[in-house]
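Down below is the structure, laid out as structure tokens.
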Protein chains: 2
Amino acid sequence: MPTTYKEIHLANRPEGTPTNEDFAFIEKEIPSLADGELLLKTLYLSVDPYMRGRMRDVKSYVEPFKLNEAIAGGVLAEVVDSKSEGFKQGDIVTGRLNWAEYNVANAQTVQKVDPASAPITTRLGILGMTGLTAYFGLLDIGKPQEGETVVVSGAAGAVGSVVGQIAKLKGARVVGIAGSQDKIDYLINELGFDAAVNYKDNNFKEDFKKAIPDGVDVYFDNVGGVVSDTVIFEINRNARIVVCGTISSYNNPEADTGPRIQWKFITTSSMMKGFTIGDYAQEFKTGAQDLAKWLQEGKLKYEETITEGFERTPEAFLDLFEGNNLGKQLVKVAKPEFASL
Amino acid sequence: MPTTYKEIHLANRPEGTPTNEDFAFIEKEIPSLADGELLLKTLYLSVDPYMRGRMRDVKSYVEPFKLNEAIAGGVLAEVVDSKSEGFKQGDIVTGRLNWAEYNVANAQTVQKVDPASAPITTRLGILGMTGLTAYFGLLDIGKPQEGETVVVSGAAGAVGSVVGQIAKLKGARVVGIAGSQDKIDYLINELGFDAAVNYKDNNFKEDFKKAIPDGVDVYFDNVGGVVSDTVIFEINRNARIVVCGTISSYNNPEADTGPRIQWKFITTSSMMKGFTIGDYAQEFKTGAQDLAKWLQEGKLKYEETITEGFERTPEAFLDLFEGNNLGKQLVKVAKPEFASL
């Protein structure tokens with residue numbers, strides 16, 4: 001067993017696009033455990049676009065990360081030492097933990113994962129917060145009806161790819177927006193989207209209009225910016241806009257201007273609602289059961305983009321803003337000591 | 001009885017702010033009535049901001065006005081001749097009729113007004129589409145709760161002044177935004193608003209923040225533009241934005257840009273919905289009953305700005321965009337021939 005480990009601190013509040021210099025790798029000693037605590041070895045960690053918001057010193061729905069303290073997010077870990085009766089060496093758990101090679105956590109703050117039921121990484125993706133975000137945002141706010149047109153931006157990303165597939169399960173016509181031909185092909189050929197459009201193409205607006213002959217009834221928005229302007233100007237009567245993310249402006253929110261959209265909501269009697277997954281904490285169980293069932297039945301597919309090596313965590317995070325990931329972006333930190341997966 | 005009358009046609013589709021030249025007064029002959037028809041003498045007509053939208057050649061929730069045809073809107077008229085059993089000379093009716101000194105209308109397209117129950121002009125204002133717009137927008141979309149802060153822009157206008165008073169009836173703290181000190185005084189001293197702020201003041205943003213110590217839970221938006229940017233940036237968790245109008249940009253919608261607002265909806269899980277009064281056609285009766293009851297009980301007050309003379313109709317319409325009106329802007333066209341009001 002090592003006696004020290006590394007953990008990633010926020011060294012600076014990034015101005016604009018974060019760089020490697022905004023992250024510091026700090027060496028710490030593994031402490032001894034108090035009663036009820038677990039020593040957890042990180043196997044995978046999740047990097048997510050919303051974490052960019054927490055790097056700014058602005059009051060929001062979650063506290064900002066503190067300068068010179070560890071960045072925290074979704075982590076999948078192995079119990080390597082336990083002072084809690086409910087957990088033993090080799091158990092796999094998930095929770096909000098530090099970006100660190102090891103965490104010491106109170107056993108009540110983590111959830112046990114059954115490695116037999118599904119690949120463990122799904123707990124950071126399609127069966128975790130990512131899948132639940134797609135599930136509740138689409139079904140509770142978007143409420144797609146059979147035959148309606150659902151448009152999703154960031155469609156090949158972790159959330160978008162699940163949104164589109166659930167919309168298909170509900171009988172909607174699904175149009176994805178993504179940023180490369182590979183992603184377009186994936187959406188149509190692998191996930192069964194009815195159409196997909198590349199927003200980086202010069203003809204994006206024309207291509208998009210061709211892809212929505214019946215207009216837009218539901219728009220699940222992961223990106224904001226010009227893409228969303230384009231979609232919103234094509235909404236039908238009683239359209240529902242689900243605002244999940246605005247990744248196009250996370251690195252420069254103050255300068256983000258565009259056409260005002262309110263008049264379009266009047267002329268169509270449409271609705272727009274933002275949300276974060278915490279809004280649905282009381283209903284996680286229902287959502288997770290549906291997602292697990294659909295996954296087991298082969299009705300949901302998923303991709304993972306896995307970056308190997310804890311030291312490449314900042315790189316994996318920054319890749320999100322370049323759109324380099326297909327599906328869920330994870331970092332593989334280590335192999336388990338005791339569990340055989 | 002005259003044999004001819006004047007009616008106002010849309011002579012040009014206005015570019016930017018309309019001018020007198022966009023309206024033409026056309027002389028027409030009074031036709032003879034067919035069975036089921038009424039000859040109606042216009043007493044008052046309503047000019048409303050939304051009519052600017054109908055002057056553009058753009059598909060919307062209502063058809064655009066046609067070039068060189070009559071402009072139509074809310075009209076209060078006296079029956080001067082009737083070929084319908086249900087109506088007689090001297091009856092007062094209201095309906096969507098032409099901006100004209102006389103209209104010939106099928107009796108089924110107008111509603112009889114009881115002059116004894118309330119001043120007849122209220123049928124074009126607080127007991128008509130204006131009051132219903134305030135009622136359904138605020139109560140169905142805004143859903144103000146006791147103790148919440150409700151902000152209304154265009155607060156001294158026909159819709160805004162009713163919105164604020166209904167919000168007070170529901171126990172909310174009400175903050176109005178308007179464009180003159182007279183209007184501010186009216187809102188606070190006459191209508192009982194808790195605070196009111198002048199958006200034309202240099203200190204508007206600071207004044208507004210002081211007026212909303214507990215943030216904004218409901219925003220009923222009649223104006224759009226910079227005023228709405230300012231309000232939306234102060235919304236609380238689970239805020240509701242009711243988009244009723246964007247008068248600040250009606251004369252130049254294409255050029256209307258500003259900060260994108262989607263991120264604010266994510267961080268607060270807030271909702272924005274547009275509507276037009278037609279959405280609530282099935283529920284008009286309930287709304288009209290509540291409004292009439294509150295008016296009778298002295299719980300609702302209203303103001304009217306009455307411009308005298310049919311020939312001044314374009315002027316009265318254009319005054320709306322200057323904010324010259326307090327409460328409902330009407331044009332008094334003529335006195336009744338037969339009814340004693």
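Letters for chains follow the order of the structure tokens (A, B, ...), residue numbers begin at 1 for each chain, and ligand numbers begin at 1 in the order shown.
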Would you give me, as a PyMOL selection string, the residues of chain A that come within 6 Å of chain B, using only C-alpha atoms?
chain A and resi 60-61+256-260+265-267+269-275
Neighbouring residues of Gly147 in chain A were defined as those with any atom within 10 Å, considering only C-alpha atoms; residues of the same chain fewer than 2 positions away were excluded. Please report them as a ChimeraX atom specification.
/A:144-145,149-150,168,170-174,214,217
Could those residues be written to a file, using N, CA, C and O atoms, as a PDB file, in the first residue's frame?
ATOM      1  N   PRO A 144     -42.002  14.585 -24.715  1.00  0.00           N
ATOM      2  CA  PRO A 144     -42.206  14.303 -26.144  1.00  0.00           C
ATOM      3  C   PRO A 144     -43.395  13.379 -26.369  1.00  0.00           C
ATOM      4  O   PRO A 144     -43.586  12.412 -25.637  1.00  0.00           O
ATOM      5  N   GLN A 145     -44.188  13.704 -27.382  1.00  0.00           N
ATOM      6  CA  GLN A 145     -45.338  12.873 -27.739  1.00  0.00           C
ATOM      7  C   GLN A 145     -45.018  12.132 -29.035  1.00  0.00           C
ATOM      8  O   GLN A 145     -44.187  12.573 -29.820  1.00  0.00           O
ATOM      9  N   THR A 149     -41.409  16.130 -33.256  1.00  0.00           N
ATOM     10  CA  THR A 149     -39.993  16.252 -33.590  1.00  0.00           C
ATOM     11  C   THR A 149     -39.222  16.737 -32.365  1.00  0.00           C
ATOM     12  O   THR A 149     -39.523  17.794 -31.812  1.00  0.00           O
ATOM     13  N   VAL A 150     -38.243  15.937 -31.953  1.00  0.00           N
ATOM     14  CA  VAL A 150     -37.357  16.296 -30.839  1.00  0.00           C
ATOM     15  C   VAL A 150     -35.982  16.600 -31.408  1.00  0.00           C
ATOM     16  O   VAL A 150     -35.408  15.769 -32.121  1.00  0.00           O
ATOM     17  N   LYS A 168     -36.662   8.458 -29.057  1.00  0.00           N
ATOM     18  CA  LYS A 168     -37.059   7.428 -30.026  1.00  0.00           C
ATOM     19  C   LYS A 168     -37.970   6.389 -29.355  1.00  0.00           C
ATOM     20  O   LYS A 168     -38.978   5.981 -29.936  1.00  0.00           O
ATOM     21  N   LYS A 170     -40.009   6.860 -27.126  1.00  0.00           N
ATOM     22  CA  LYS A 170     -41.323   7.478 -26.925  1.00  0.00           C
ATOM     23  C   LYS A 170     -42.029   7.760 -28.251  1.00  0.00           C
ATOM     24  O   LYS A 170     -43.080   8.418 -28.282  1.00  0.00           O
ATOM     25  N   GLY A 171     -41.427   7.324 -29.364  1.00  0.00           N
ATOM     26  CA  GLY A 171     -42.116   7.446 -30.647  1.00  0.00           C
ATOM     27  C   GLY A 171     -41.920   8.765 -31.354  1.00  0.00           C
ATOM     28  O   GLY A 171     -42.625   9.078 -32.316  1.00  0.00           O
ATOM     29  N   ALA A 172     -40.953   9.572 -30.904  1.00  0.00           N
ATOM     30  CA  ALA A 172     -40.713  10.868 -31.551  1.00  0.00           C
ATOM     31  C   ALA A 172     -39.790  10.696 -32.752  1.00  0.00           C
ATOM     32  O   ALA A 172     -39.079   9.707 -32.887  1.00  0.00           O
ATOM     33  N   ARG A 173     -39.816  11.686 -33.626  1.00  0.00           N
ATOM     34  CA  ARG A 173     -38.829  11.824 -34.689  1.00  0.00           C
ATOM     35  C   ARG A 173     -37.661  12.607 -34.086  1.00  0.00           C
ATOM     36  O   ARG A 173     -37.859  13.687 -33.532  1.00  0.00           O
ATOM     37  N   VAL A 174     -36.432  12.083 -34.187  1.00  0.00           N
ATOM     38  CA  VAL A 174     -35.310  12.658 -33.451  1.00  0.00           C
ATOM     39  C   VAL A 174     -34.252  13.189 -34.403  1.00  0.00           C
ATOM     40  O   VAL A 174     -33.791  12.483 -35.304  1.00  0.00           O
ATOM     41  N   ASP A 214     -41.238  19.224 -40.254  1.00  0.00           N
ATOM     42  CA  ASP A 214     -42.430  19.520 -39.449  1.00  0.00           C
ATOM     43  C   ASP A 214     -42.120  20.446 -38.276  1.00  0.00           C
ATOM     44  O   ASP A 214     -42.884  20.496 -37.295  1.00  0.00           O
ATOM     45  N   ASP A 217     -40.770  20.486 -31.959  1.00  0.00           N
ATOM     46  CA  ASP A 217     -41.706  20.463 -30.827  1.00  0.00           C
ATOM     47  C   ASP A 217     -40.981  20.476 -29.485  1.00  0.00           C
ATOM     48  O   ASP A 217     -41.455  21.063 -28.519  1.00  0.00           O
TER      49      ASP A 217
END
CA of Ala100 in chain B to CA of Ala11 in chain B, distance in Å rounded to a single decimal
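CA of Ala100 in chain B sits 14.9 Å away from CA of Ala11 in chain B.
Proximity to range 334-338 of chain B at 7 Å, evaluated using only C-alpha atoms and with sequence-adjacent residues fewer than 4 positions away removed, yields Thr42, Leu43, Glu78, Gln89 and Gly90 of chain B.
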Check range 16-214 of chain B with DSSP on the backbone and list each residue it calls strand (DSSP E or B), as a PyMOL selection string.
chain B and resi 23-29+37-46+70+72-82+92-98+100+102-106+111-113+149-153+157+173-178+195-198
For range 296-298 of chain A, please output as a ChimeraX atom specification all residues within 10 Å (counting only C-alpha atoms; exclusion window: fewer than 6 positions along the same chain).
/A:117-118,290
Near Glu15 in chain A, within 10 Å and counting only C-alpha atoms, which residues show up once chain neighbours fewer than 5 positions away are dropped, as a PDB file with N, CA and C atoms, in the first residue's frame?
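Produced file out-v6.pdb, reproduced below:
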ATOM      1  N   ASP A  22      -4.176  25.935 -14.531  1.00  0.00           N
ATOM      2  CA  ASP A  22      -5.238  26.177 -13.551  1.00  0.00           C
ATOM      3  C   ASP A  22      -5.407  25.000 -12.593  1.00  0.00           C
ATOM      4  N   MET A  55     -15.913  26.455 -11.327  1.00  0.00           N
ATOM      5  CA  MET A  55     -14.575  27.049 -11.230  1.00  0.00           C
ATOM      6  C   MET A  55     -14.632  28.564 -11.159  1.00  0.00           C
ATOM      7  N   ARG A  56     -15.837  29.127 -11.428  1.00  0.00           N
ATOM      8  CA  ARG A  56     -15.989  30.577 -11.305  1.00  0.00           C
ATOM      9  C   ARG A  56     -16.484  30.914  -9.903  1.00  0.00           C
ATOM     10  N   ASN A 251     -16.929  29.060 -21.183  1.00  0.00           N
ATOM     11  CA  ASN A 251     -15.638  29.707 -20.971  1.00  0.00           C
ATOM     12  C   ASN A 251     -15.693  31.213 -21.142  1.00  0.00           C
ATOM     13  N   ASN A 252     -16.869  31.746 -21.458  1.00  0.00           N
ATOM     14  CA  ASN A 252     -16.961  33.192 -21.665  1.00  0.00           C
ATOM     15  C   ASN A 252     -18.409  33.676 -21.544  1.00  0.00           C
TER      16      ASN A 252
END
Neighbour list for Leu191 in chain A as a list in words, cut-off 10 Å, only C-alpha atoms, skip fewer than 5 positions in-chain:
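That gives Ala156, Ser161, Val162, Gly164, Gln165, Lys168, Asp185, Tyr186, Lys299, Leu300, Lys301 and Tyr302 of chain A.
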May I have the selected residues written with N, CA, C and O atoms, as an mmCIF file, in the first residue's frame?
data_model
loop_
_atom_site.group_PDB
_atom_site.id
_atom_site.type_symbol
_atom_site.label_atom_id
_atom_site.label_comp_id
_atom_site.auth_asym_id
_atom_site.auth_seq_id
_atom_site.Cartn_x
_atom_site.Cartn_y
_atom_site.Cartn_z
ATOM 1 N N ALA A 156 -24.107 13.829 -29.627
ATOM 2 C CA ALA A 156 -23.223 12.664 -29.503
ATOM 3 C C ALA A 156 -22.529 12.643 -28.154
ATOM 4 O O ALA A 156 -21.698 11.778 -27.879
ATOM 5 N N SER A 161 -26.811 11.827 -26.263
ATOM 6 C CA SER A 161 -27.021 10.525 -26.903
ATOM 7 C C SER A 161 -28.114 9.728 -26.192
ATOM 8 O O SER A 161 -28.839 8.959 -26.825
ATOM 9 N N VAL A 162 -28.253 9.920 -24.891
ATOM 10 C CA VAL A 162 -29.321 9.242 -24.147
ATOM 11 C C VAL A 162 -30.672 9.925 -24.415
ATOM 12 O O VAL A 162 -31.690 9.261 -24.605
ATOM 13 N N GLY A 164 -31.676 11.438 -27.115
ATOM 14 C CA GLY A 164 -32.185 11.049 -28.422
ATOM 15 C C GLY A 164 -32.774 9.648 -28.412
ATOM 16 O O GLY A 164 -33.827 9.392 -29.017
ATOM 17 N N GLN A 165 -32.115 8.730 -27.715
ATOM 18 C CA GLN A 165 -32.607 7.351 -27.694
ATOM 19 C C GLN A 165 -33.905 7.221 -26.903
ATOM 20 O O GLN A 165 -34.812 6.466 -27.284
ATOM 21 N N LYS A 168 -36.662 8.458 -29.057
ATOM 22 C CA LYS A 168 -37.059 7.428 -30.026
ATOM 23 C C LYS A 168 -37.970 6.389 -29.355
ATOM 24 O O LYS A 168 -38.978 5.981 -29.936
ATOM 25 N N ASP A 185 -22.542 10.225 -38.299
ATOM 26 C CA ASP A 185 -22.700 8.819 -38.700
ATOM 27 C C ASP A 185 -23.113 7.952 -37.518
ATOM 28 O O ASP A 185 -23.978 7.078 -37.636
ATOM 29 N N TYR A 186 -22.470 8.194 -36.381
ATOM 30 C CA TYR A 186 -22.781 7.425 -35.166
ATOM 31 C C TYR A 186 -24.247 7.606 -34.773
ATOM 32 O O TYR A 186 -24.957 6.633 -34.482
ATOM 33 N N LYS A 299 -32.279 -1.583 -25.525
ATOM 34 C CA LYS A 299 -32.943 -0.430 -26.143
ATOM 35 C C LYS A 299 -32.112 0.841 -26.039
ATOM 36 O O LYS A 299 -32.428 1.843 -26.680
ATOM 37 N N LEU A 300 -31.116 0.828 -25.173
ATOM 38 C CA LEU A 300 -30.214 1.981 -25.043
ATOM 39 C C LEU A 300 -28.787 1.518 -25.319
ATOM 40 O O LEU A 300 -28.353 0.483 -24.809
ATOM 41 N N LYS A 301 -28.094 2.300 -26.121
ATOM 42 C CA LYS A 301 -26.665 2.059 -26.348
ATOM 43 C C LYS A 301 -25.882 3.221 -25.758
ATOM 44 O O LYS A 301 -26.436 4.305 -25.538
ATOM 45 N N TYR A 302 -24.613 2.993 -25.523
ATOM 46 C CA TYR A 302 -23.805 4.107 -25.043
ATOM 47 C C TYR A 302 -22.367 3.932 -25.507
ATOM 48 O O TYR A 302 -21.923 2.825 -25.818
#
Neighbour list for range 282-287 of chain A as a tab-separated table (two decimals) with C-alpha atoms, in the first residue's frame, cut-off 12 Å, only C-alpha atoms, skip fewer than 2 positions in-chain:
chain	number	residue	atom	x	y	z
A	126	ILE	CA	-25.88	6.16	-18.63
A	127	LEU	CA	-26.94	4.68	-15.26
A	128	GLY	CA	-25.59	7.63	-13.28
A	129	MET	CA	-26.16	11.36	-13.18
A	130	THR	CA	-25.67	11.63	-16.94
A	131	GLY	CA	-28.45	9.20	-17.80
A	132	LEU	CA	-30.73	10.64	-15.13
A	133	THR	CA	-30.15	14.15	-16.49
A	134	ALA	CA	-31.29	13.00	-19.93
A	135	TYR	CA	-34.21	11.05	-18.48
A	136	PHE	CA	-35.77	13.72	-16.27
A	137	GLY	CA	-35.00	16.69	-18.51
A	138	LEU	CA	-36.56	15.05	-21.54
A	139	LEU	CA	-39.51	13.32	-19.91
A	140	ASP	CA	-40.48	15.81	-17.20
A	166	ILE	CA	-35.27	7.91	-25.03
A	277	ILE	CA	-30.38	16.95	-11.86
A	278	GLY	CA	-30.61	17.79	-8.16
A	279	ASP	CA	-34.19	18.96	-8.80
A	280	TYR	CA	-35.16	15.31	-9.22
A	289	GLN	CA	-34.85	1.56	-12.80
A	290	ASP	CA	-36.19	2.59	-16.21
A	291	LEU	CA	-32.71	3.27	-17.56
A	292	ALA	CA	-31.36	-0.04	-16.26
A	293	LYS	CA	-34.31	-1.92	-17.76
A	294	TRP	CA	-33.90	-0.26	-21.18
Of A:Gly179, A:Val218, A:Ile71, A:Gln108, the one nearest to Lys200 in chain A when counting only C-alpha atoms is A:Gly179
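Rounded to one decimal, CA of Gly176 in chain A and CA of Ala196 in chain A lie 4.4 Å from each other.
Atom pair CA of Leu39 in chain B / CA of Phe65 in chain B has a distance of 22.9 Å (rounded to one decimal).
With only C-alpha atoms as the atoms that count, the minimum distance from Ile177 in chain B to the choices B:Ala105, B:Val110, B:Val231, B:Ala158 is reached by B:Val231.
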